[in-house]
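Below is input12.txt, holding compact mmCIF, C-alpha atoms (C1' of nucleotides).
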```txt
# COMPACT_ATOMS: atom_id res chain seq x y z
CA MET A 18 0.00 0.00 0.00
CA ASP A 19 2.77 2.42 0.89
CA ARG A 20 4.51 1.67 -2.38
CA VAL A 21 1.37 2.33 -4.39
CA HIS A 22 1.03 5.73 -2.80
CA GLU A 23 4.68 6.53 -3.44
CA GLN A 24 4.08 5.69 -7.09
CA LEU A 25 0.97 7.87 -7.12
CA ALA A 26 2.85 10.78 -5.59
CA THR A 27 5.46 10.74 -8.34
CA ALA A 28 2.68 10.60 -10.95
CA GLY A 29 1.06 13.78 -9.65
CA PHE A 30 -1.52 12.14 -7.41
CA GLY A 31 0.16 13.01 -4.13
CA ASP A 32 -3.02 14.37 -2.59
CA VAL A 33 -4.83 11.06 -2.05
CA ARG A 34 -4.62 9.14 1.21
CA PRO A 35 -4.94 5.35 1.56
CA ALA A 36 -8.46 5.76 2.91
CA HIS A 37 -9.44 7.46 -0.34
CA GLY A 38 -8.36 4.34 -2.21
CA PHE A 39 -11.25 2.38 -0.79
CA VAL A 40 -13.67 5.02 -2.02
CA PHE A 41 -12.10 4.82 -5.48
CA GLN A 42 -12.43 1.07 -5.48
CA TYR A 43 -16.10 1.29 -4.60
CA LEU A 44 -16.78 3.95 -7.23
CA SER A 45 -15.06 1.84 -9.90
CA PHE A 46 -17.82 -0.72 -9.53
CA HIS A 47 -20.79 1.47 -8.56
CA LYS A 48 -21.40 4.14 -11.15
CA THR A 49 -24.00 6.09 -9.14
CA ALA A 50 -22.96 5.62 -5.56
CA THR A 51 -24.30 7.33 -2.44
CA ALA A 52 -22.55 8.49 0.71
CA VAL A 53 -24.34 5.87 2.75
CA GLY A 54 -23.23 3.10 0.41
CA ILE A 55 -19.64 4.25 0.58
CA GLY A 56 -19.81 4.44 4.35
CA GLU A 57 -21.06 0.87 4.56
CA HIS A 58 -18.34 -0.30 2.21
CA LEU A 59 -15.65 1.21 4.41
CA GLY A 60 -17.32 0.39 7.71
CA ILE A 61 -17.58 4.04 8.75
CA THR A 62 -20.48 6.38 9.40
CA LYS A 63 -22.12 8.26 6.58
CA GLN A 64 -20.80 11.52 8.06
CA ALA A 65 -17.22 10.30 7.80
CA ALA A 66 -17.91 9.08 4.27
CA VAL A 67 -19.22 12.50 3.29
CA GLN A 68 -16.02 14.04 4.57
CA LEU A 69 -13.91 11.77 2.35
CA ILE A 70 -16.16 12.62 -0.59
CA ASP A 71 -15.78 16.34 0.16
CA GLU A 72 -12.00 16.03 0.04
CA LEU A 73 -12.06 14.07 -3.21
CA THR A 74 -14.51 16.54 -4.75
CA LYS A 75 -12.36 19.51 -3.77
CA ARG A 76 -9.38 17.84 -5.43
CA GLY A 77 -11.26 17.00 -8.60
CA TYR A 78 -11.37 13.23 -8.37
CA VAL A 79 -15.07 12.89 -7.77
CA GLU A 80 -18.23 14.77 -8.57
CA ARG A 81 -21.73 15.00 -7.09
CA ARG A 82 -24.77 15.16 -9.29
CA PRO A 83 -28.47 14.93 -8.59
CA HIS A 84 -29.45 11.30 -8.13
CA PRO A 85 -31.49 10.00 -11.07
CA THR A 86 -34.20 8.29 -9.01
CA ASP A 87 -33.93 9.63 -5.43
CA ARG A 88 -34.21 13.34 -4.78
CA ARG A 89 -32.85 13.01 -1.25
CA ALA A 90 -29.63 11.44 -2.48
CA ARG A 91 -26.69 12.71 -4.50
CA ALA A 92 -25.10 10.49 -7.13
CA ILE A 93 -21.34 10.31 -6.63
CA SER A 94 -19.06 9.27 -9.47
CA LEU A 95 -15.44 9.47 -10.57
CA THR A 96 -14.31 12.33 -12.80
CA ALA A 97 -11.87 11.89 -15.69
CA ARG A 98 -9.04 12.66 -13.29
CA GLY A 99 -10.45 10.10 -10.86
CA TRP A 100 -10.33 7.44 -13.52
CA GLU A 101 -6.76 8.40 -14.42
CA CYS A 102 -5.80 7.86 -10.81
CA VAL A 103 -7.50 4.47 -10.75
CA GLU A 104 -5.58 3.45 -13.87
CA ARG A 105 -2.35 4.44 -12.18
CA VAL A 106 -3.20 2.35 -9.13
CA VAL A 107 -4.01 -0.67 -11.27
CA ALA A 108 -0.70 -0.29 -13.08
CA ALA A 109 1.22 0.09 -9.80
CA TRP A 110 -0.38 -3.05 -8.37
CA ALA A 111 0.46 -4.95 -11.53
CA ASP A 112 4.10 -3.92 -11.15
CA ILE A 113 4.14 -5.07 -7.55
CA GLU A 114 2.54 -8.38 -8.39
CA ARG A 115 5.09 -8.98 -11.13
CA GLU A 116 7.83 -8.34 -8.60
CA TRP A 117 6.21 -10.75 -6.18
CA ALA A 118 6.05 -13.36 -8.91
CA THR A 119 9.79 -13.10 -9.45
CA LEU A 120 10.39 -13.44 -5.70
CA ILE A 121 8.40 -16.58 -4.95
CA GLY A 122 7.40 -17.77 -8.40
CA PRO A 123 4.07 -17.32 -10.19
CA ASP A 124 2.84 -20.71 -9.05
CA ARG A 125 3.36 -20.00 -5.36
CA LEU A 126 1.93 -16.50 -5.80
CA GLY A 127 -1.24 -17.94 -7.27
CA LYS A 128 -1.59 -20.37 -4.38
CA LEU A 129 -0.89 -17.56 -1.91
CA HIS A 130 -3.77 -15.59 -3.38
CA ASP A 131 -6.14 -18.56 -3.34
CA ASP A 132 -5.26 -19.54 0.21
CA LEU A 133 -5.74 -16.03 1.54
CA ALA A 134 -9.08 -15.87 -0.25
CA THR A 135 -10.11 -19.15 1.36
CA LEU A 136 -9.11 -18.00 4.85
CA THR A 137 -10.75 -14.59 4.64
CA ALA A 138 -13.92 -16.06 3.17
CA ALA A 139 -14.11 -18.58 6.00
CA THR A 140 -13.61 -16.09 8.83
CA SER A 141 -16.03 -13.55 7.38
CA GLY A 142 -18.72 -16.11 6.64
CA GLY A 143 -18.50 -15.40 2.93
CA ARG A 144 -19.96 -11.91 3.18
CA PRO A 145 -17.78 -8.98 2.13
CA VAL A 146 -15.69 -7.52 4.92
CA PRO A 147 -15.99 -3.75 5.41
CA LEU A 148 -12.58 -2.40 4.47
CA ARG A 149 -11.05 0.01 6.90
CA PRO A 150 -7.63 1.59 6.96
CA LEU A 151 -7.86 1.56 10.76
CA TRP A 152 -8.18 -0.96 13.58
CA MET B 19 -7.07 -9.71 15.01
CA ASP B 20 -10.74 -9.04 15.70
CA ARG B 21 -11.21 -12.65 16.74
CA VAL B 22 -8.31 -12.53 19.17
CA HIS B 23 -9.85 -9.50 20.84
CA GLU B 24 -13.24 -11.16 21.02
CA GLN B 25 -11.58 -14.11 22.74
CA LEU B 26 -9.79 -11.74 25.12
CA ALA B 27 -13.01 -9.94 25.97
CA THR B 28 -14.70 -13.19 27.04
CA ALA B 29 -11.66 -14.05 29.16
CA GLY B 30 -11.90 -10.81 31.13
CA PHE B 31 -9.39 -8.83 29.11
CA GLY B 32 -11.92 -6.60 27.41
CA ASP B 33 -10.05 -3.40 28.21
CA VAL B 34 -7.17 -3.83 25.77
CA ARG B 35 -7.18 -2.37 22.28
CA PRO B 36 -5.34 -3.80 19.26
CA ALA B 37 -2.69 -1.09 19.52
CA HIS B 38 -1.89 -2.36 23.02
CA GLY B 39 -1.12 -5.75 21.56
CA PHE B 40 1.96 -4.42 19.83
CA VAL B 41 3.22 -3.07 23.15
CA PHE B 42 2.64 -6.47 24.74
CA GLN B 43 4.54 -8.17 21.96
CA TYR B 44 7.51 -5.87 22.42
CA LEU B 45 7.51 -6.29 26.20
CA SER B 46 7.44 -10.07 25.83
CA PHE B 47 10.88 -9.92 24.29
CA HIS B 48 12.35 -6.85 26.02
CA LYS B 49 12.31 -7.28 29.78
CA THR B 50 13.34 -3.72 30.62
CA ALA B 51 11.87 -1.63 27.85
CA THR B 52 11.67 2.15 27.57
CA ALA B 53 9.00 4.41 26.15
CA VAL B 54 11.28 5.46 23.29
CA GLY B 55 11.96 1.83 22.36
CA ILE B 56 8.28 1.03 22.32
CA GLY B 57 7.58 4.10 20.22
CA GLU B 58 10.16 3.04 17.64
CA HIS B 59 8.75 -0.48 17.56
CA LEU B 60 5.28 0.84 16.78
CA GLY B 61 6.43 3.65 14.53
CA ILE B 62 4.89 6.37 16.72
CA THR B 63 6.32 9.21 18.77
CA LYS B 64 7.50 8.63 22.31
CA GLN B 65 4.65 10.82 23.57
CA ALA B 66 2.09 8.55 21.95
CA ALA B 67 3.92 5.53 23.33
CA VAL B 68 3.79 6.99 26.84
CA GLN B 69 0.05 7.38 26.48
CA LEU B 70 -0.36 3.69 25.65
CA ILE B 71 1.87 2.79 28.60
CA ASP B 72 -0.21 5.02 30.87
CA GLU B 73 -3.38 3.22 29.87
CA LEU B 74 -1.82 -0.21 30.38
CA THR B 75 -0.40 0.84 33.73
CA LYS B 76 -3.77 2.15 34.92
CA ARG B 77 -5.34 -1.18 34.00
CA GLY B 78 -2.67 -3.24 35.72
CA TYR B 79 -1.01 -4.88 32.71
CA VAL B 80 2.28 -3.03 32.92
CA GLU B 81 4.43 -1.41 35.57
CA ARG B 82 7.09 1.28 35.63
CA ARG B 83 10.15 0.93 37.81
CA PRO B 84 13.39 2.87 38.02
CA HIS B 85 15.68 1.84 35.22
CA PRO B 86 18.64 -0.24 36.47
CA THR B 87 21.35 1.65 34.55
CA ASP B 88 19.82 4.92 33.31
CA ARG B 89 18.35 7.34 35.82
CA ARG B 90 16.60 9.34 33.10
CA ALA B 91 14.66 6.31 31.92
CA ARG B 92 11.91 4.19 33.45
CA ALA B 93 12.00 0.42 32.99
CA ILE B 94 8.66 -0.83 31.70
CA SER B 95 7.68 -4.45 32.12
CA LEU B 96 4.64 -6.71 32.12
CA THR B 97 2.88 -7.47 35.41
CA ALA B 98 1.54 -10.92 36.29
CA ARG B 99 -1.78 -9.87 34.77
CA GLY B 100 0.04 -8.68 31.70
CA TRP B 101 1.64 -12.08 31.25
CA GLU B 102 -1.72 -13.79 31.73
CA CYS B 103 -3.08 -11.70 28.88
CA VAL B 104 -0.14 -12.59 26.67
CA GLU B 105 -0.73 -16.27 27.35
CA ARG B 106 -4.35 -15.86 26.33
CA VAL B 107 -3.33 -14.19 23.10
CA VAL B 108 -0.87 -16.93 22.30
CA ALA B 109 -3.54 -19.55 22.92
CA ALA B 110 -6.07 -17.68 20.78
CA TRP B 111 -3.62 -17.42 17.90
CA ALA B 112 -2.82 -21.10 18.17
CA ASP B 113 -6.54 -21.87 17.90
CA ILE B 114 -6.84 -19.70 14.83
CA GLU B 115 -3.80 -21.25 13.18
CA ARG B 116 -5.19 -24.73 13.83
CA GLU B 117 -8.41 -23.69 12.15
CA TRP B 118 -6.44 -22.30 9.21
CA ALA B 119 -4.58 -25.59 8.94
CA THR B 120 -7.85 -27.48 8.62
CA LEU B 121 -9.03 -25.04 5.94
CA ILE B 122 -6.08 -25.15 3.55
CA GLY B 123 -3.93 -27.92 5.00
CA PRO B 124 -0.83 -27.63 7.19
CA ASP B 125 1.47 -27.86 4.19
CA ARG B 126 -0.10 -24.95 2.35
CA LEU B 127 -0.26 -22.96 5.60
CA GLY B 128 3.46 -23.41 6.11
CA LYS B 129 4.17 -22.24 2.58
CA LEU B 130 1.80 -19.32 3.04
CA HIS B 131 3.79 -18.24 6.07
CA ASP B 132 7.14 -18.62 4.32
CA ASP B 133 6.02 -16.78 1.19
CA LEU B 134 4.62 -13.87 3.17
CA ALA B 135 7.86 -13.69 5.12
CA THR B 136 9.81 -13.62 1.85
CA LEU B 137 7.68 -10.85 0.39
CA THR B 138 7.70 -8.64 3.47
CA ALA B 139 11.43 -9.10 3.94
CA ALA B 140 12.04 -8.10 0.32
CA THR B 141 9.90 -4.96 0.39
CA SER B 142 11.23 -3.79 3.75
CA GLY B 143 14.87 -4.40 2.82
CA GLY B 144 15.23 -6.97 5.58
CA ARG B 145 14.90 -4.46 8.40
CA PRO B 146 11.99 -4.87 10.83
CA VAL B 147 8.90 -2.95 9.81
CA PRO B 148 7.44 -0.67 12.46
CA LEU B 149 4.07 -2.15 13.32
CA ARG B 150 1.17 0.22 13.36
CA PRO B 151 -2.53 -0.44 13.75
CA LEU B 152 -3.17 2.52 11.46
CA TRP B 153 -2.43 3.60 7.89
C1' DC C 12 -52.23 9.15 2.80
C1' DC C 13 -50.13 8.49 6.89
C1' DA C 14 -46.47 6.23 9.50
C1' DT C 15 -41.99 5.05 9.27
C1' DA C 16 -37.56 4.61 7.20
C1' DT C 17 -33.67 6.66 4.70
C1' DC C 18 -30.35 10.39 2.57
C1' DG C 19 -27.72 14.12 3.43
C1' DT C 20 -26.42 17.89 6.66
C1' DC C 21 -25.11 20.55 10.87
C1' DA C 22 -22.87 20.66 15.15
C1' DA C 23 -20.30 19.08 19.05
C1' DG C 24 -17.03 16.09 20.77
C1' DA C 25 -13.95 11.89 21.41
C1' DA C 26 -9.80 9.10 20.17
C1' DA C 27 -5.32 8.85 18.97
C1' DG C 28 -1.78 10.85 17.11
C1' DT C 29 1.78 15.05 16.17
C1' DT C 30 4.93 19.05 17.05
C1' DG C 31 7.62 21.84 20.01
C1' DA C 32 9.81 23.11 24.17
C1' DC C 33 11.78 21.88 28.52
C1' DT C 34 14.38 19.40 32.45
C1' DA C 35 17.24 15.82 33.98
C1' DC C 36 20.58 12.73 32.88
C1' DC C 37 24.02 10.28 29.92
C1' DT C 38 28.22 10.03 26.85
C1' DT C 39 32.14 11.28 24.39
C1' DG C 40 36.30 13.74 23.00
C1' DT C 41 39.80 16.50 24.43
C1' DA D 11 37.84 16.44 34.55
C1' DC D 12 34.60 18.63 32.10
C1' DA D 13 32.33 21.10 28.35
C1' DA D 14 29.23 19.96 24.54
C1' DG D 15 25.95 17.68 22.58
C1' DG D 16 22.70 13.76 22.57
C1' DT D 17 18.81 11.15 24.76
C1' DA D 18 14.63 9.81 28.17
C1' DG D 19 10.67 11.44 29.79
C1' DT D 20 7.19 15.22 30.54
C1' DC D 21 3.96 19.15 29.67
C1' DA D 22 1.05 21.57 26.65
C1' DA D 23 -1.22 22.86 22.47
C1' DC D 24 -2.94 21.30 18.41
C1' DT D 25 -4.38 18.25 14.13
C1' DT D 26 -6.66 14.59 11.95
C1' DT D 27 -10.17 11.48 11.57
C1' DC D 28 -13.97 9.40 13.17
C1' DT D 29 -18.32 9.27 16.23
C1' DT D 30 -22.82 10.53 18.26
C1' DG D 31 -27.05 12.99 18.11
C1' DA D 32 -30.47 15.79 16.06
C1' DC D 33 -32.71 17.63 12.06
C1' DG D 34 -35.28 18.64 7.43
C1' DA D 35 -36.41 16.64 3.05
C1' DT D 36 -37.75 12.86 0.48
C1' DA D 37 -39.09 7.92 -0.29
C1' DT D 38 -42.00 3.85 0.55
C1' DG D 39 -45.37 0.52 1.95
C1' DG D 40 -49.62 -0.99 4.17
```
Once you've parsed the file, please lay out its structure as structure tokens.
Amino acid sequence: MDRVHEQLATAGFGDVRPAHGFVFQYLSFHKTATAVGIGEHLGITKQAAVQLIDELTKRGYVERRPHPTDRRARAISLTARGWECVERVVAAWADIEREWATLIGPDRLGKLHDDLATLTAATSGGRPVPLRPLW
Amino acid sequence: MDRVHEQLATAGFGDVRPAHGFVFQYLSFHKTATAVGIGEHLGITKQAAVQLIDELTKRGYVERRPHPTDRRARAISLTARGWECVERVVAAWADIEREWATLIGPDRLGKLHDDLATLTAATSGGRPVPLRPLW
DNA sequence: CCATATCGTCAAGAAAGTTGACTACCTTGT
DNA sequence: ACAAGGTAGTCAACTTTCTTGACGATATGG
């Protein structure tokens, strides 16, 4: 994680914190997200989620628009710059995984991934675990 | 980590946070520790380390005594209750590892451990990584 | 169409860390 | 021996990040 953010900083995305990454991840798969949904995904309150969204909006990674079907809500989505940042993260992770493959071999790396998936699925009962950058 | 602390709570150790665990770990291997040493181990300032020590002292897990060789310093060590808690943690981890072994097999679990050790050693340059419960 | 639930917001505050300055003590080189 | 600089702990002020609680506006379901 630290290495990804070092990479991002050199690519001009030095103003995103690790916690923001989890918002990005959620927005990559939910085109019209809400603050409540993001909060649940991260395991934080909606107020804290709004604060993250505010920061990302101010920095141009995210935008709020009227929600298409719910006039209480605001539809949150990535801007062009947000998507650029996501692409950078994907590329950085790919680099890191390639390096891992050279260290322990692609076969072992694949098994490592599968085993970790098995263990986390078992301890969380199969449901998705709220991701938090904090214990 | 969450499961260990659930186990601890049912065993009467409900007043320790995850961050405290890293202090316990350090004290298990350093009989006369100092606040600065603990701070370096966790990657936090000495002031923050002192605060953790204060909490653990108030709750009876840790005690401060005059340092044997340095009159500026205070020697920090686990009390009997502190050691009881450590034993509980060790037992809880052993339970969890046994469960992991049944899930993916002892052989794969051993390789998982070795591979993770290889990867972390490579990315940290071999030096110990300061442990933090926070990104 | 009314009761209840949900989305976002405002405000206050708690948790856990940081920075900076200070005293007391240690250590090292001359 | 001792001056000079480094280190351990402490005090105080502050920052960051998250929480709790209350609220208006809108949605939804019997």
Once you count all atoms listed in the file, which residues of chain C turn out to be within 12 Å of chain B? Could you give them as a short mmCIF file (atom, residue, chain, number, x, y, z; two decimals) with C-alpha atoms (C1' of nucleotides), keeping the file's coordinate frame?
```
data_model
loop_
_atom_site.label_atom_id
_atom_site.label_comp_id
_atom_site.auth_asym_id
_atom_site.auth_seq_id
_atom_site.Cartn_x
_atom_site.Cartn_y
_atom_site.Cartn_z
"C1'" DA C 26 -9.80 9.10 20.17
"C1'" DA C 27 -5.32 8.85 18.97
"C1'" DG C 28 -1.78 10.85 17.11
"C1'" DT C 29 1.78 15.05 16.17
"C1'" DT C 30 4.93 19.05 17.05
"C1'" DG C 31 7.62 21.84 20.01
"C1'" DT C 34 14.38 19.40 32.45
"C1'" DA C 35 17.24 15.82 33.98
"C1'" DC C 36 20.58 12.73 32.88
"C1'" DC C 37 24.02 10.28 29.92
"C1'" DT C 38 28.22 10.03 26.85
#
```
At a cut-off of 12 Å, can you tabulate as JSON lines every residue of chain B near chain A together with its closest atom pair and the distance in Å to one decimal, using all atoms listed in the file and ordering rows by chain then number?
```
{"residue": "B:Met19", "atom": "CA", "partner": "A:Trp152", "partner_atom": "CA", "distance": 8.9}
{"residue": "B:Asp20", "atom": "CA", "partner": "A:Trp152", "partner_atom": "CA", "distance": 8.7}
{"residue": "B:Arg21", "atom": "CA", "partner": "A:Thr140", "partner_atom": "CA", "distance": 9.0}
{"residue": "B:His23", "atom": "CA", "partner": "A:Trp152", "partner_atom": "CA", "distance": 11.3}
{"residue": "B:Arg35", "atom": "CA", "partner": "A:Trp152", "partner_atom": "CA", "distance": 8.9}
{"residue": "B:Pro36", "atom": "CA", "partner": "A:Trp152", "partner_atom": "CA", "distance": 7.0}
{"residue": "B:Ala37", "atom": "CA", "partner": "A:Trp152", "partner_atom": "CA", "distance": 8.1}
{"residue": "B:His38", "atom": "CA", "partner": "A:Trp152", "partner_atom": "CA", "distance": 11.4}
{"residue": "B:Gly39", "atom": "CA", "partner": "A:Trp152", "partner_atom": "CA", "distance": 11.7}
{"residue": "B:Ile114", "atom": "CA", "partner": "A:Thr140", "partner_atom": "CA", "distance": 9.7}
{"residue": "B:Glu115", "atom": "CA", "partner": "A:Leu136", "partner_atom": "CA", "distance": 10.4}
{"residue": "B:Arg116", "atom": "CA", "partner": "A:Leu136", "partner_atom": "CA", "distance": 11.9}
{"residue": "B:Glu117", "atom": "CA", "partner": "A:Leu136", "partner_atom": "CA", "distance": 9.3}
{"residue": "B:Trp118", "atom": "CA", "partner": "A:Leu136", "partner_atom": "CA", "distance": 6.7}
{"residue": "B:Ala119", "atom": "CA", "partner": "A:Leu136", "partner_atom": "CA", "distance": 9.7}
{"residue": "B:Thr120", "atom": "CA", "partner": "A:Leu136", "partner_atom": "CA", "distance": 10.3}
{"residue": "B:Leu121", "atom": "CA", "partner": "A:Leu136", "partner_atom": "CA", "distance": 7.1}
{"residue": "B:Ile122", "atom": "CA", "partner": "A:Asp132", "partner_atom": "CA", "distance": 6.6}
{"residue": "B:Gly123", "atom": "CA", "partner": "A:Asp132", "partner_atom": "CA", "distance": 9.7}
{"residue": "B:Pro124", "atom": "CA", "partner": "A:Asp132", "partner_atom": "CA", "distance": 11.6}
{"residue": "B:Asp125", "atom": "CA", "partner": "A:Asp132", "partner_atom": "CA", "distance": 11.4}
{"residue": "B:Arg126", "atom": "CA", "partner": "A:Asp132", "partner_atom": "CA", "distance": 7.8}
{"residue": "B:Leu127", "atom": "CA", "partner": "A:Asp132", "partner_atom": "CA", "distance": 8.1}
{"residue": "B:Gly128", "atom": "CA", "partner": "A:Leu129", "partner_atom": "CA", "distance": 10.8}
{"residue": "B:Lys129", "atom": "CA", "partner": "A:Leu129", "partner_atom": "CA", "distance": 8.2}
{"residue": "B:Leu130", "atom": "CA", "partner": "A:Leu129", "partner_atom": "CA", "distance": 5.9}
{"residue": "B:His131", "atom": "CA", "partner": "A:Leu129", "partner_atom": "CA", "distance": 9.3}
{"residue": "B:Asp132", "atom": "CA", "partner": "A:Ile121", "partner_atom": "CA", "distance": 9.6}
{"residue": "B:Asp133", "atom": "CA", "partner": "A:Ile121", "partner_atom": "CA", "distance": 6.6}
{"residue": "B:Leu134", "atom": "CA", "partner": "A:Leu129", "partner_atom": "CA", "distance": 8.4}
{"residue": "B:Ala135", "atom": "CA", "partner": "A:Ile121", "partner_atom": "CA", "distance": 10.5}
{"residue": "B:Thr136", "atom": "CA", "partner": "A:Ile121", "partner_atom": "CA", "distance": 7.5}
{"residue": "B:Leu137", "atom": "CA", "partner": "A:Trp117", "partner_atom": "CA", "distance": 6.7}
{"residue": "B:Thr138", "atom": "CA", "partner": "A:Trp117", "partner_atom": "CA", "distance": 10.0}
{"residue": "B:Ala139", "atom": "CA", "partner": "A:Leu120", "partner_atom": "CA", "distance": 10.6}
{"residue": "B:Ala140", "atom": "CA", "partner": "A:Leu120", "partner_atom": "CA", "distance": 8.2}
{"residue": "B:Thr141", "atom": "CA", "partner": "A:Arg20", "partner_atom": "CA", "distance": 9.0}
{"residue": "B:Ser142", "atom": "CA", "partner": "A:Arg20", "partner_atom": "CA", "distance": 10.6}
{"residue": "B:Arg150", "atom": "CA", "partner": "A:Trp152", "partner_atom": "CA", "distance": 9.4}
{"residue": "B:Pro151", "atom": "CA", "partner": "A:Trp152", "partner_atom": "CA", "distance": 5.7}
{"residue": "B:Leu152", "atom": "CA", "partner": "A:Leu151", "partner_atom": "CA", "distance": 4.8}
{"residue": "B:Trp153", "atom": "CA", "partner": "A:Pro150", "partner_atom": "CA", "distance": 5.7}
```
message = Nearest residue to DG16 in chain D out of C:DT17, C:DG24, C:DC12, C:DT39, using all atoms listed in the file?
response =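 Of C:DT17, C:DG24, C:DC12, C:DT39, the one nearest DG16 in chain D, counting all atoms listed in the file, is C:DT39.
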request  = Show which residues sit within 9 Å of Ser45 in chain A, as a ChimeraX atom specification. Count all atoms listed in the file, and ignore same-chain residues fewer than 5 positions away.
outcome  = /A:40,94-95,100,103
key: Residue list for chain D near chain B as JSON, numbers by chain, 12 Å, all atoms listed in the file   = {"D": [17, 18, 19, 20, 21, 22, 27]}
message = With only C-alpha atoms (C1' of nucleotides) as the counted atoms, please give the residues lying no more than 8 Å from Leu74 in chain B, apart from itself and same-chain residues fewer than 5 positions off, as JSON, numbers by chain.
response = {"B": [34, 38, 79, 80]}
request  = Determine, counting only C-alpha atoms (C1' of nucleotides), which protein, DNA and RNA residues have an atom within 12 Å of an atom of DG34 in chain D; residues of the same chain fewer than 6 positions away are not included. Present the result as a ChimeraX atom specification.
outcome  = /A:89 /C:18-21
key: Separation of CA of Gln42 in chain A from CA of His84 in chain A in Å   =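 A separation of 20.0 Å between them.
You will find CA of Gly56 in chain A at 10.2 Å from CA of Ile70 in chain A.
What separates CA of Leu25 in chain A from CA of Cys102 in chain A is a distance of 7.7 Å.
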With 6 Å of padding per side, what axis-aligned box (centre and edge lengths, Å, one decimal) covers all the listed atoms of range 23-29 of chain D? Give it as lines of an AutoDock Vina configuration file.
```
center_x = -9.8
center_y = 16.1
center_z = 17.0
size_x = 29.1
size_y = 25.6
size_z = 22.9
```
message = Restricting the calculation to all atoms listed in the file: of A:Thr49, A:Gly142, A:Ala92, A:Arg76, which residue gets closest to Gly29 in chain A?
response =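 Of all the options, A:Arg76 lies closest to Gly29 in chain A.
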What would range 105-120 of chain A look like with N, CA and C atoms restored, written as an mmCIF file, in the coordinates of the input?
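Writing done, so here's part36.cif:
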```cif
data_model
loop_
_atom_site.group_PDB
_atom_site.id
_atom_site.type_symbol
_atom_site.label_atom_id
_atom_site.label_comp_id
_atom_site.auth_asym_id
_atom_site.auth_seq_id
_atom_site.Cartn_x
_atom_site.Cartn_y
_atom_site.Cartn_z
ATOM 1 N N ARG A 105 -3.684 4.427 -12.753
ATOM 2 C CA ARG A 105 -2.350 4.440 -12.180
ATOM 3 C C ARG A 105 -2.206 3.397 -11.068
ATOM 4 N N VAL A 106 -3.241 3.316 -10.238
ATOM 5 C CA VAL A 106 -3.200 2.350 -9.130
ATOM 6 C C VAL A 106 -3.153 0.932 -9.677
ATOM 7 N N VAL A 107 -3.990 0.671 -10.683
ATOM 8 C CA VAL A 107 -4.010 -0.670 -11.270
ATOM 9 C C VAL A 107 -2.639 -1.016 -11.829
ATOM 10 N N ALA A 108 -2.024 -0.036 -12.515
ATOM 11 C CA ALA A 108 -0.700 -0.290 -13.080
ATOM 12 C C ALA A 108 0.324 -0.539 -11.981
ATOM 13 N N ALA A 109 0.254 0.247 -10.889
ATOM 14 C CA ALA A 109 1.220 0.090 -9.800
ATOM 15 C C ALA A 109 1.079 -1.289 -9.163
ATOM 16 N N TRP A 110 -0.158 -1.725 -8.949
ATOM 17 C CA TRP A 110 -0.380 -3.050 -8.370
ATOM 18 C C TRP A 110 0.150 -4.135 -9.284
ATOM 19 N N ALA A 111 -0.045 -3.946 -10.587
ATOM 20 C CA ALA A 111 0.460 -4.950 -11.530
ATOM 21 C C ALA A 111 1.979 -5.053 -11.429
ATOM 22 N N ASP A 112 2.644 -3.897 -11.325
ATOM 23 C CA ASP A 112 4.100 -3.920 -11.150
ATOM 24 C C ASP A 112 4.479 -4.711 -9.912
ATOM 25 N N ILE A 113 3.787 -4.422 -8.811
ATOM 26 C CA ILE A 113 4.140 -5.070 -7.550
ATOM 27 C C ILE A 113 3.903 -6.568 -7.645
ATOM 28 N N GLU A 114 2.806 -6.948 -8.270
ATOM 29 C CA GLU A 114 2.540 -8.380 -8.390
ATOM 30 C C GLU A 114 3.570 -9.066 -9.264
ATOM 31 N N ARG A 115 4.027 -8.386 -10.306
ATOM 32 C CA ARG A 115 5.090 -8.980 -11.130
ATOM 33 C C ARG A 115 6.345 -9.198 -10.295
ATOM 34 N N GLU A 116 6.643 -8.199 -9.450
ATOM 35 C CA GLU A 116 7.830 -8.340 -8.600
ATOM 36 C C GLU A 116 7.654 -9.497 -7.633
ATOM 37 N N TRP A 117 6.473 -9.619 -7.086
ATOM 38 C CA TRP A 117 6.210 -10.750 -6.180
ATOM 39 C C TRP A 117 6.395 -12.078 -6.898
ATOM 40 N N ALA A 118 5.943 -12.116 -8.145
ATOM 41 C CA ALA A 118 6.050 -13.360 -8.910
ATOM 42 C C ALA A 118 7.517 -13.751 -9.099
ATOM 43 N N THR A 119 8.381 -12.759 -9.290
ATOM 44 C CA THR A 119 9.790 -13.100 -9.450
ATOM 45 C C THR A 119 10.403 -13.542 -8.122
ATOM 46 N N LEU A 120 9.801 -13.116 -7.002
ATOM 47 C CA LEU A 120 10.390 -13.440 -5.700
ATOM 48 C C LEU A 120 10.041 -14.854 -5.251
#
```
